[in-house]
Structures are given as structure tokens and as C-alpha cells.
>>> print(open('protein07.pdb').read())   # PDB, C-alpha atoms and all ligand atoms
ATOM      1  CA  MET A   1      32.193  71.773  31.087
ATOM      2  CA  PRO A   2      35.073  72.164  33.534
ATOM      3  CA  SER A   3      36.188  75.717  33.890
ATOM      4  CA  SER A   4      39.447  77.289  34.850
ATOM      5  CA  SER A   5      41.057  80.553  33.906
ATOM      6  CA  GLN A   6      44.403  79.325  32.597
ATOM      7  CA  PHE A   7      42.870  76.203  31.293
ATOM      8  CA  PHE A   8      45.562  74.588  29.273
ATOM      9  CA  ARG A   9      48.984  75.379  30.523
ATOM     10  CA  ARG A  10      51.399  72.749  29.390
ATOM     11  CA  ASN A  11      53.147  72.654  32.727
ATOM     12  CA  SER A  12      50.758  72.803  35.600
ATOM     13  CA  PRO A  13      51.931  72.380  39.179
ATOM     14  CA  SER A  14      52.908  68.841  39.903
ATOM     15  CA  ARG A  15      50.656  66.475  41.700
ATOM     16  CA  GLN A  16      50.870  62.948  42.889
ATOM     17  CA  GLY A  17      49.694  60.131  40.651
ATOM     18  CA  ARG A  18      45.927  60.093  40.663
ATOM     19  CA  ARG A  19      45.492  56.492  41.442
ATOM     20  CA  SER A  20      47.408  54.414  43.884
ATOM     21  CA  SER A  21      49.263  51.352  42.723
ATOM     22  CA  GLY A  22      48.333  49.599  45.964
ATOM     23  CA  GLY A  23      46.955  46.147  45.500
ATOM     24  CA  LEU A  24      49.126  45.668  42.430
ATOM     25  CA  LYS A  25      50.546  42.370  43.638
ATOM     26  CA  LEU A  26      47.101  41.076  44.363
ATOM     27  CA  ARG A  27      45.942  42.203  40.940
ATOM     28  CA  LEU A  28      48.857  40.442  39.271
ATOM     29  CA  MET A  29      48.100  37.256  41.149
ATOM     30  CA  ILE A  30      44.488  37.486  40.092
ATOM     31  CA  ALA A  31      45.604  38.091  36.513
ATOM     32  CA  ALA A  32      47.782  34.994  36.596
ATOM     33  CA  ALA A  33      44.898  32.979  37.959
ATOM     34  CA  ILE A  34      42.572  34.254  35.274
ATOM     35  CA  VAL A  35      44.934  33.445  32.440
ATOM     36  CA  LEU A  36      45.686  29.999  33.815
ATOM     37  CA  PHE A  37      41.977  29.465  34.040
ATOM     38  CA  SER A  38      41.468  30.598  30.483
ATOM     39  CA  LEU A  39      44.238  28.254  29.307
ATOM     40  CA  PHE A  40      41.917  25.468  30.332
ATOM     41  CA  THR A  41      38.816  27.065  28.946
ATOM     42  CA  TYR A  42      40.508  28.163  25.767
ATOM     43  CA  PHE A  43      38.320  25.994  23.652
ATOM     44  CA  ALA A  44      35.213  27.033  25.477
ATOM     45  CA  SER A  45      32.304  27.891  23.272
ATOM     46  CA  SER A  46      31.719  31.429  22.107
ATOM     47  CA  HIS A  47      30.288  34.021  24.417
ATOM     48  CA  VAL A  48      27.494  36.498  23.701
ATOM     49  CA  ASN A  49      28.624  40.107  23.935
ATOM     50  CA  PRO A  50      26.364  41.695  26.584
ATOM     51  CA  ILE A  51      26.213  44.971  24.672
ATOM     52  CA  THR A  52      26.134  44.049  21.012
ATOM     53  CA  GLY A  53      24.457  40.645  21.355
ATOM     54  CA  GLU A  54      27.034  39.183  18.947
ATOM     55  CA  LYS A  55      28.682  35.851  19.561
ATOM     56  CA  GLN A  56      32.406  36.215  20.037
ATOM     57  CA  ARG A  57      35.306  33.923  20.825
ATOM     58  CA  VAL A  58      36.837  35.473  23.896
ATOM     59  CA  GLY A  59      38.523  32.397  25.337
ATOM     60  CA  GLY A  60      35.962  31.946  28.077
ATOM     61  CA  LEU A  61      36.791  35.338  29.596
ATOM     62  CA  THR A  62      33.933  36.978  31.436
ATOM     63  CA  THR A  63      33.545  40.743  31.480
ATOM     64  CA  GLU A  64      34.656  40.743  35.136
ATOM     65  CA  GLN A  65      37.848  38.907  34.168
ATOM     66  CA  GLU A  66      38.470  41.372  31.363
ATOM     67  CA  VAL A  67      38.210  44.181  33.899
ATOM     68  CA  GLN A  68      40.696  42.422  36.220
ATOM     69  CA  LEU A  69      43.181  41.765  33.425
ATOM     70  CA  GLY A  70      42.948  45.369  32.237
ATOM     71  CA  LEU A  71      43.563  46.717  35.739
ATOM     72  CA  ALA A  72      46.469  44.315  36.264
ATOM     73  CA  SER A  73      48.229  45.413  33.090
ATOM     74  CA  MET A  74      47.554  49.112  33.578
ATOM     75  CA  PRO A  75      50.437  50.187  35.888
ATOM     76  CA  GLN A  76      53.159  48.916  33.575
ATOM     77  CA  LEU A  77      51.544  50.532  30.548
ATOM     78  CA  VAL A  78      51.139  53.828  32.407
ATOM     79  CA  ARG A  79      54.835  53.780  33.363
ATOM     80  CA  GLN A  80      55.748  53.174  29.741
ATOM     81  CA  PHE A  81      54.131  56.528  28.861
ATOM     82  CA  GLU A  82      55.751  58.489  31.699
ATOM     83  CA  GLY A  83      52.929  58.037  34.186
ATOM     84  CA  GLN A  84      49.650  59.829  34.631
ATOM     85  CA  SER A  85      49.660  63.418  33.480
ATOM     86  CA  ARG A  86      50.111  66.026  36.189
ATOM     87  CA  ASN A  87      48.010  68.540  34.280
ATOM     88  CA  GLU A  88      44.855  68.376  36.338
ATOM     89  CA  SER A  89      42.765  70.742  34.259
ATOM     90  CA  ALA A  90      43.556  68.769  31.120
ATOM     91  CA  GLN A  91      42.749  65.489  32.892
ATOM     92  CA  ARG A  92      39.442  66.956  34.060
ATOM     93  CA  TYR A  93      38.613  67.767  30.467
ATOM     94  CA  VAL A  94      39.333  64.201  29.387
ATOM     95  CA  ASP A  95      37.092  62.960  32.223
ATOM     96  CA  TYR A  96      34.350  65.394  31.225
ATOM     97  CA  VAL A  97      34.235  64.416  27.544
ATOM     98  CA  GLY A  98      34.529  60.736  28.483
ATOM     99  CA  ALA A  99      31.581  61.094  30.850
ATOM    100  CA  ARG A 100      29.456  62.713  28.134
ATOM    101  CA  LEU A 101      30.179  59.806  25.797
ATOM    102  CA  LEU A 102      29.388  57.251  28.506
ATOM    103  CA  ASN A 103      26.137  58.997  29.223
ATOM    104  CA  ALA A 104      25.259  58.738  25.539
ATOM    105  CA  LEU A 105      26.244  55.062  25.605
ATOM    106  CA  GLN A 106      24.001  54.377  28.620
ATOM    107  CA  ASN A 107      21.065  56.032  26.896
ATOM    108  CA  ARG A 108      21.584  54.025  23.729
ATOM    109  CA  LEU A 109      21.873  50.784  25.676
ATOM    110  CA  ALA A 110      18.836  51.546  27.818
ATOM    111  CA  ASP A 111      16.848  51.897  24.573
ATOM    112  CA  ARG A 112      17.978  48.380  23.681
ATOM    113  CA  GLY A 113      17.148  47.045  27.137
ATOM    114  CA  THR A 114      20.748  46.452  28.211
ATOM    115  CA  ARG A 115      23.428  48.306  30.147
ATOM    116  CA  ASN A 116      27.141  48.991  30.141
ATOM    117  CA  PRO A 117      28.992  46.457  32.344
ATOM    118  CA  TYR A 118      32.399  48.172  32.147
ATOM    119  CA  PRO A 119      33.748  50.588  34.782
ATOM    120  CA  PHE A 120      35.321  53.007  32.297
ATOM    121  CA  GLU A 121      38.146  55.335  33.318
ATOM    122  CA  PHE A 122      39.881  57.878  31.114
ATOM    123  CA  HIS A 123      43.558  58.575  31.691
ATOM    124  CA  LEU A 124      45.701  61.364  30.336
ATOM    125  CA  LEU A 125      49.295  60.099  30.148
ATOM    126  CA  ALA A 126      52.253  62.414  30.716
ATOM    127  CA  ASP A 127      54.180  61.400  27.572
ATOM    128  CA  ASP A 128      54.240  64.463  25.347
ATOM    129  CA  ASP A 129      56.353  62.936  22.560
ATOM    130  CA  THR A 130      54.375  59.836  21.643
ATOM    131  CA  VAL A 131      51.099  60.582  19.888
ATOM    132  CA  ASN A 132      48.821  57.740  20.951
ATOM    133  CA  ALA A 133      45.512  56.591  22.354
ATOM    134  CA  PHE A 134      44.500  53.067  23.273
ATOM    135  CA  ALA A 135      42.226  51.046  25.532
ATOM    136  CA  LEU A 136      42.731  48.001  27.731
ATOM    137  CA  PRO A 137      40.113  45.262  27.940
ATOM    138  CA  GLY A 138      37.549  46.121  30.597
ATOM    139  CA  GLY A 139      37.367  49.897  30.239
ATOM    140  CA  GLN A 140      40.699  51.624  30.939
ATOM    141  CA  VAL A 141      41.115  54.235  28.177
ATOM    142  CA  PHE A 142      44.275  56.267  27.580
ATOM    143  CA  ILE A 143      45.353  59.299  25.582
ATOM    144  CA  THR A 144      48.861  60.752  25.680
ATOM    145  CA  GLU A 145      49.523  64.429  26.252
ATOM    146  CA  ALA A 146      51.234  64.477  22.857
ATOM    147  CA  LEU A 147      47.954  63.579  21.135
ATOM    148  CA  PHE A 148      45.963  65.800  23.481
ATOM    149  CA  TRP A 149      48.018  68.850  22.400
ATOM    150  CA  GLN A 150      47.678  67.896  18.752
ATOM    151  CA  LEU A 151      43.915  68.296  19.131
ATOM    152  CA  GLU A 152      44.567  72.010  19.830
ATOM    153  CA  PRO A 153      42.963  72.474  23.247
ATOM    154  CA  ASN A 154      43.630  76.195  23.070
ATOM    155  CA  GLY A 155      41.726  76.585  19.802
ATOM    156  CA  PRO A 156      37.933  76.893  19.559
ATOM    157  CA  ARG A 157      36.419  74.944  22.442
ATOM    158  CA  GLY A 158      33.811  73.037  20.441
ATOM    159  CA  ARG A 159      36.317  71.971  17.832
ATOM    160  CA  PHE A 160      38.744  70.662  20.455
ATOM    161  CA  GLU A 161      36.049  68.936  22.492
ATOM    162  CA  SER A 162      34.548  67.128  19.520
ATOM    163  CA  ARG A 163      37.985  65.948  18.369
ATOM    164  CA  LEU A 164      38.677  64.585  21.829
ATOM    165  CA  ALA A 165      35.253  62.907  21.714
ATOM    166  CA  GLY A 166      36.306  61.273  18.445
ATOM    167  CA  VAL A 167      39.423  59.769  20.002
ATOM    168  CA  LEU A 168      37.724  58.592  23.194
ATOM    169  CA  GLY A 169      34.601  57.350  21.399
ATOM    170  CA  HIS A 170      36.746  55.199  19.120
ATOM    171  CA  GLU A 171      38.562  53.705  22.126
ATOM    172  CA  ILE A 172      35.281  53.042  23.946
ATOM    173  CA  GLY A 173      34.314  51.095  20.822
ATOM    174  CA  HIS A 174      37.301  48.759  21.239
ATOM    175  CA  VAL A 175      36.246  48.026  24.835
ATOM    176  CA  ILE A 176      32.588  47.315  24.180
ATOM    177  CA  GLU A 177      33.358  45.196  21.131
ATOM    178  CA  ARG A 178      35.813  43.255  23.355
ATOM    179  CA  HIS A 179      38.556  43.496  20.767
ATOM    180  CA  GLY A 180      41.335  43.009  23.322
ATOM    181  CA  ALA A 181      39.723  39.870  24.730
ATOM    182  CA  GLN A 182      39.141  38.498  21.241
ATOM    183  CA  ARG A 183      42.783  38.979  20.376
ATOM    184  CA  MET A 184      43.928  37.392  23.619
ATOM    185  CA  ALA A 185      41.658  34.460  22.884
ATOM    186  CA  LYS A 186      43.210  33.983  19.476
ATOM    187  CA  GLY A 187      45.920  32.199  21.355
ATOM    188  CA  ASN A 188      49.028  34.176  20.550
ATOM    189  CA  LEU A 189      48.951  35.868  23.877
ATOM    190  CA  ILE A 190      48.186  32.902  26.072
ATOM    191  CA  GLN A 191      50.444  30.492  24.223
ATOM    192  CA  GLY A 192      53.204  33.098  24.171
ATOM    193  CA  ILE A 193      53.076  33.517  27.908
ATOM    194  CA  ALA A 194      52.929  29.801  28.533
ATOM    195  CA  GLY A 195      55.863  29.276  26.162
ATOM    196  CA  ALA A 196      57.972  31.970  27.828
ATOM    197  CA  ALA A 197      57.249  30.580  31.248
ATOM    198  CA  GLY A 198      58.046  27.072  30.070
ATOM    199  CA  ALA A 199      61.372  28.156  28.595
ATOM    200  CA  ALA A 200      62.342  29.885  31.810
ATOM    201  CA  GLY A 201      61.291  26.847  33.797
ATOM    202  CA  SER A 202      59.006  29.000  35.887
ATOM    203  CA  GLU A 203      55.354  29.382  36.462
ATOM    204  CA  VAL A 204      53.368  32.017  34.623
ATOM    205  CA  SER A 205      53.619  35.208  36.622
ATOM    206  CA  GLY A 206      51.159  38.040  36.773
ATOM    207  CA  ALA A 207      53.871  40.441  35.621
ATOM    208  CA  GLN A 208      54.445  38.401  32.455
ATOM    209  CA  ILE A 209      50.760  38.482  31.722
ATOM    210  CA  ALA A 210      50.510  42.213  32.346
ATOM    211  CA  SER A 211      53.441  42.793  30.037
ATOM    212  CA  ALA A 212      52.019  40.566  27.312
ATOM    213  CA  ILE A 213      48.636  42.293  27.390
ATOM    214  CA  GLY A 214      50.302  45.703  27.235
ATOM    215  CA  SER A 215      52.344  44.864  24.161
ATOM    216  CA  LEU A 216      49.371  43.206  22.497
ATOM    217  CA  ILE A 217      47.326  46.395  22.930
ATOM    218  CA  LEU A 218      50.120  48.612  21.616
ATOM    219  CA  LYS A 219      50.523  46.442  18.533
ATOM    220  CA  GLY A 220      47.256  47.836  17.280
ATOM    221  CA  ASN A 221      44.092  46.322  15.988
ATOM    222  CA  SER A 222      43.014  44.699  12.764
ATOM    223  CA  ARG A 223      41.361  46.630   9.988
ATOM    224  CA  GLU A 224      38.000  45.124  10.889
ATOM    225  CA  HIS A 225      38.330  46.094  14.534
ATOM    226  CA  GLU A 226      39.393  49.630  13.652
ATOM    227  CA  LEU A 227      36.382  50.143  11.442
ATOM    228  CA  GLU A 228      34.070  48.657  14.058
ATOM    229  CA  SER A 229      35.422  51.152  16.593
ATOM    230  CA  ASP A 230      35.010  54.017  14.156
ATOM    231  CA  ARG A 231      31.328  53.067  13.905
ATOM    232  CA  TRP A 232      30.966  53.344  17.672
ATOM    233  CA  GLY A 233      32.952  56.565  17.658
ATOM    234  CA  VAL A 234      30.562  58.154  15.152
ATOM    235  CA  GLU A 235      27.456  56.932  16.949
ATOM    236  CA  LEU A 236      28.561  57.964  20.445
ATOM    237  CA  MET A 237      29.739  61.362  19.220
ATOM    238  CA  VAL A 238      26.369  62.192  17.695
ATOM    239  CA  TYR A 239      24.389  61.000  20.700
ATOM    240  CA  ALA A 240      26.664  62.996  22.995
ATOM    241  CA  GLY A 241      26.060  66.090  20.872
ATOM    242  CA  TYR A 242      29.339  66.170  18.932
ATOM    243  CA  ASP A 243      29.695  66.424  15.176
ATOM    244  CA  PRO A 244      31.212  63.136  13.973
ATOM    245  CA  ARG A 245      33.005  64.928  11.147
ATOM    246  CA  SER A 246      35.521  65.913  13.813
ATOM    247  CA  LEU A 247      36.695  62.310  13.662
ATOM    248  CA  LEU A 248      37.874  63.153  10.150
ATOM    249  CA  ASP A 249      39.936  66.009  11.637
ATOM    250  CA  VAL A 250      41.475  63.471  14.004
ATOM    251  CA  MET A 251      42.450  61.262  11.057
ATOM    252  CA  ASP A 252      44.190  64.242   9.409
ATOM    253  CA  ILE A 253      45.994  65.145  12.625
ATOM    254  CA  LEU A 254      47.170  61.584  13.170
ATOM    255  CA  GLU A 255      48.297  61.211   9.614
ATOM    256  CA  LYS A 256      50.457  64.319   9.873
ATOM    257  CA  SER A 257      51.828  63.591  13.312
ATOM    258  CA  SER A 258      52.637  59.965  12.638
ATOM    259  CA  ALA A 259      54.718  60.644   9.554
ATOM    260  CA  GLY A 260      58.092  59.102  10.217
ATOM    261  CA  SER A 261      57.385  57.956  13.761
ATOM    262  CA  ALA A 262      55.709  55.017  15.425
ATOM    263  CA  THR A 263      52.111  54.778  14.305
ATOM    264  CA  PRO A 264      49.605  55.364  17.081
ATOM    265  CA  GLU A 265      47.118  52.602  17.859
ATOM    266  CA  ILE A 266      44.135  54.563  16.666
ATOM    267  CA  PHE A 267      45.772  54.951  13.292
ATOM    268  CA  ARG A 268      47.683  51.719  12.965
ATOM    269  CA  THR A 269      45.311  50.297  10.531
ATOM    270  CA  HIS A 270      45.398  48.608   7.223
ATOM    271  CA  PRO A 271      42.905  50.816   5.442
ATOM    272  CA  LYS A 272      44.792  53.696   3.873
ATOM    273  CA  PRO A 273      43.967  57.050   5.523
ATOM    274  CA  ALA A 274      41.946  58.130   2.504
ATOM    275  CA  ASN A 275      39.929  54.900   2.663
ATOM    276  CA  ARG A 276      39.371  55.297   6.357
ATOM    277  CA  ARG A 277      38.015  58.794   5.784
ATOM    278  CA  LEU A 278      35.677  57.495   3.096
ATOM    279  CA  TYR A 279      34.548  54.779   5.459
ATOM    280  CA  ILE A 280      33.780  57.248   8.236
ATOM    281  CA  GLU A 281      31.829  59.423   5.796
ATOM    282  CA  LYS A 282      29.907  56.336   4.713
ATOM    283  CA  ILE A 283      29.008  55.375   8.289
ATOM    284  CA  ILE A 284      27.744  58.896   8.929
ATOM    285  CA  LYS A 285      25.477  58.657   5.877
ATOM    286  CA  GLU A 286      24.274  55.178   6.817
ATOM    287  CA  LYS A 287      23.568  55.938  10.459
ATOM    288  CA  PHE A 288      22.016  59.314   9.772
ATOM    289  CA  PRO A 289      20.363  59.021   6.354
ATOM    290  CA  ASP A 290      18.221  62.113   6.986
ATOM    291  CA  GLY A 291      21.276  64.171   7.794
ATOM    292  CA  LEU A 292      23.038  64.952  11.062
ATOM    293  CA  PRO A 293      21.242  66.903  13.780
ATOM    294  CA  THR A 294      21.897  70.592  13.207
ATOM    295  CA  ASP A 295      22.899  71.480  16.769
ATOM    296  CA  LEU A 296      26.046  69.355  17.065
ATOM    297  CA  VAL A 297      29.209  70.811  18.538
ATOM    298  CA  ARG A 298      32.098  71.085  16.155
TER     299      ARG A 298
HETATM  300 ZN    ZN A 301      41.641  51.683  17.271
END
>>> encode(input="protein07.pdb", output="C-alpha cells")
Amino acid sequence: MPSSSQFFRRNSPSRQGRRSSGGLKLRLMIAAAIVLFSLFTYFASSHVNPITGEKQRVGGLTTEQEVQLGLASMPQLVRQFEGQSRNESAQRYVDYVGARLLNALQNRLADRGTRNPYPFEFHLLADDDTVNAFALPGGQVFITEALFWQLEPNGPRGRFESRLAGVLGHEIGHVIERHGAQRMAKGNLIQGIAGAAGAAGSEVSGAQIASAIGSLILKGNSREHELESDRWGVELMVYAGYDPRSLLDVMDILEKSSAGSATPEIFRTHPKPANRRLYIEKIIKEKFPDGLPTDLVR
């Protein structure tokens, strides 16, 4: 666990953005190339998910292409939420909990004879008004400071950490189930970009693609995808040593904080909050029929 005496001060000394935006143009060009390619392979046959073994229609996108598209659309999305957080201790905490979940994921996958192909990164975004968390295809995961503070980082450590694990575990679920790629492959995204470019009489640009992916992600997922991610959230939490009932806390927090404002991705879901809670309770019972381990952090 990262340690620091004044761990969570809301305004820590400023720092430069953690990651350089160098290579952005190249990334955008690559993104344009990938999408043009997938226009032609749009009707390609389904692809087997390397982690879940399920067949999915992902428009011919490979995992490497997903990673490239995610990286290409990241800078614009980060700017939209006021950049990377400058609170280094808080960012370290996000990295720490993310790493614990990834470790749990690796162990689970090793048991099944496979491995995680995604280079995950966890970003705390500076926006402290918009409560949100989301993930780009390929492994870039985001949580805003506004949501981070809602999880009460200055309360009991275990309670905060397991809530954060609930948020990040859910987002990891979207990445490994390739929900973003599946939605891109459904055609709205690719056809939309092609249509916009056609109307403007220009070629498809990387920036248009980045922008389209960003808004697709922020639109939120389907009910089915949300529930699928909740399943991963529960599983990864338990294997990382966190009590999955903290995901229920997260649902309560999101329900309260989203009243009257834009609904965060993690909560923009068709199942009513009460139903989603019931569903999470049901997954816990199904996955752990003999009861949860007794030493989980909560
Ligand atoms: Zn979600």
C-alpha cells in the first residue's frame, strides 16, 4: 500500500502531466489506418476473445488494434476531464489498487492457461465536478477525482480501497470483454465517421476517429455489458482480497451523486439501481456458493 503522511489532500503541489502527448500525430494516423482497414473487414467473421474464449463480432479488430485506437483517443478524452490529476498520492493509490486487481486477473487467467494481452493503465482525471469512470478499448481506465472523493479516501482505509477496487474492477471487465470494440463494430461508429468525412468532402482523419471513440465510450454501455462487467468486478475483487459487497456501496454512492446530473458511465445502465444491486448479490452467491472468504478487506 502506498504510504504518505498527508495522504489525501485535495490540492497537492502541481506537477506536469504524467504522460507525454508526443507521438500523438503518429497515433492518430495509425488510428485512421486501422479504422479504414476495419471498414473493409467490417463483415469479417467473428473473433474469439483471447480471455473469455467467446466468439465476438469486433469488426476484424485485433487486440493490438484496440490498444492503438484506445491510445489514439485518450488525449482528447483526458482533456475533456481537465487533464490528468496532479494529486500524485491519489494517483499512486489508483495505480496500487489497479495493480492488485491485475495481479488477481493474471492468476485467474494462468489457471485457465491464458494470459492478459492488454497493457492496462489507470488514470486519475483532474475533473472534480463530474462523477465518472470509464475505460477505452485496449486497457486505458479512467476515474475522475469527483468520483474518487465520493469513495471517501479519508475514511477507513479498507472501505475506501475496496470501493475503488469495485470501480476499477468493473472497468477492467469492459476491456477484457471487448465491449468498446463490439460497439464500434456494430457500425454506428465506423459509418458515422465515414459519413461525416464524406459530407465534409475530406478523408477520414485520426482526430475524427479519436473523437468518435471518445463519445461512444461516454455514451455508456448496454444493460448486458454492464452486468457482464459487474461479474468481472465481483470476481476480481474477491481474488484481489476485497469484499465484493463494496461494489454495492459504489452503487449507492453513484445513485446519490448522479441525481440530477449527467449519469456516469458505470451507472448509465438500464437495470434500475435496485435491480442492479440484486444482480450483484446474485453473482456473489453464484460465484461463491460456500460463502465469501472471511479475510476480505472491506
Ligand atoms: Zn460500465
>>> atom_distance(input="protein07.pdb", atom1="CA of Gly139 in chain A", atom2="CA of Lys282 in chain A")
27.4 Å
>>> closest_atom_pairs(input="protein07.pdb", of="chain A", to="ligand ZN 301 (chain A)", cutoff="12 Å", atoms="all atoms listed in the file", output="tab-separated table")
residue	atom	partner	partner_atom	distance
A:Asn132	CA	A:ZN301	ZN	10.1
A:Ala133	CA	A:ZN301	ZN	8.1
A:Phe134	CA	A:ZN301	ZN	6.8
A:Ala135	CA	A:ZN301	ZN	8.3
A:Leu136	CA	A:ZN301	ZN	11.1
A:Val141	CA	A:ZN301	ZN	11.2
A:Phe142	CA	A:ZN301	ZN	11.6
A:Ile143	CA	A:ZN301	ZN	11.9
A:Gly166	CA	A:ZN301	ZN	11.0
A:Val167	CA	A:ZN301	ZN	8.8
A:Leu168	CA	A:ZN301	ZN	9.9
A:Gly169	CA	A:ZN301	ZN	9.9
A:His170	CA	A:ZN301	ZN	6.3
A:Glu171	CA	A:ZN301	ZN	6.1
A:Ile172	CA	A:ZN301	ZN	9.3
A:Gly173	CA	A:ZN301	ZN	8.2
A:His174	CA	A:ZN301	ZN	6.6
A:Val175	CA	A:ZN301	ZN	10.0
A:Glu177	CA	A:ZN301	ZN	11.2
A:Arg178	CA	A:ZN301	ZN	11.9
A:His179	CA	A:ZN301	ZN	9.4
A:Gly180	CA	A:ZN301	ZN	10.6
A:Ile217	CA	A:ZN301	ZN	9.6
A:Leu218	CA	A:ZN301	ZN	10.0
A:Lys219	CA	A:ZN301	ZN	10.4
A:Gly220	CA	A:ZN301	ZN	6.8
A:Asn221	CA	A:ZN301	ZN	6.0
A:Ser222	CA	A:ZN301	ZN	8.4
A:Arg223	CA	A:ZN301	ZN	8.9
A:Glu224	CA	A:ZN301	ZN	9.8
A:His225	CA	A:ZN301	ZN	7.0
A:Glu226	CA	A:ZN301	ZN	4.7
A:Leu227	CA	A:ZN301	ZN	8.0
A:Glu228	CA	A:ZN301	ZN	8.8
A:Ser229	CA	A:ZN301	ZN	6.3
A:Asp230	CA	A:ZN301	ZN	7.7
A:Arg231	CA	A:ZN301	ZN	10.9
A:Trp232	CA	A:ZN301	ZN	10.8
A:Gly233	CA	A:ZN301	ZN	10.0
A:Met251	CA	A:ZN301	ZN	11.4
A:Thr263	CA	A:ZN301	ZN	11.3
A:Pro264	CA	A:ZN301	ZN	8.8
A:Glu265	CA	A:ZN301	ZN	5.6
A:Ile266	CA	A:ZN301	ZN	3.9
A:Phe267	CA	A:ZN301	ZN	6.6
A:Arg268	CA	A:ZN301	ZN	7.4
A:Thr269	CA	A:ZN301	ZN	7.8
A:His270	CA	A:ZN301	ZN	11.2
A:Pro271	CA	A:ZN301	ZN	11.9
A:Arg276	CA	A:ZN301	ZN	11.7
>>> atom_distance(input="protein07.pdb", atom1="CA of Gly23 in chain A", atom2="CA of Ser89 in chain A")
27.4 Å
>>> residues_around(input="protein07.pdb", residues="Ala72 in chain A", least_positions_apart="3", cutoff="12 Å", atoms="all atoms listed in the file", output="number ranges by chain")
A: 21-35, 65-69, 75-78, 136-138, 140, 205-214
>>> atom_distance(input="protein07.pdb", atom1="CA of Ser85 in chain A", atom2="CA of Val238 in chain A")
28.2 Å
>>> residues_around(input="protein07.pdb", residues="Ala240 in chain A", least_positions_apart="3", cutoff="12 Å", atoms="all atoms listed in the file", output="PyMOL selection string")
chain A and resi 96-108+161-162+165-166+168-169+232-237+243-244+293+295-298
>>> closest_residue(input="protein07.pdb", among="A:Glu82, A:Asn154, A:Ile283, A:Thr62", to="Val48 in chain A", atoms="all atoms listed in the file")
A:Thr62
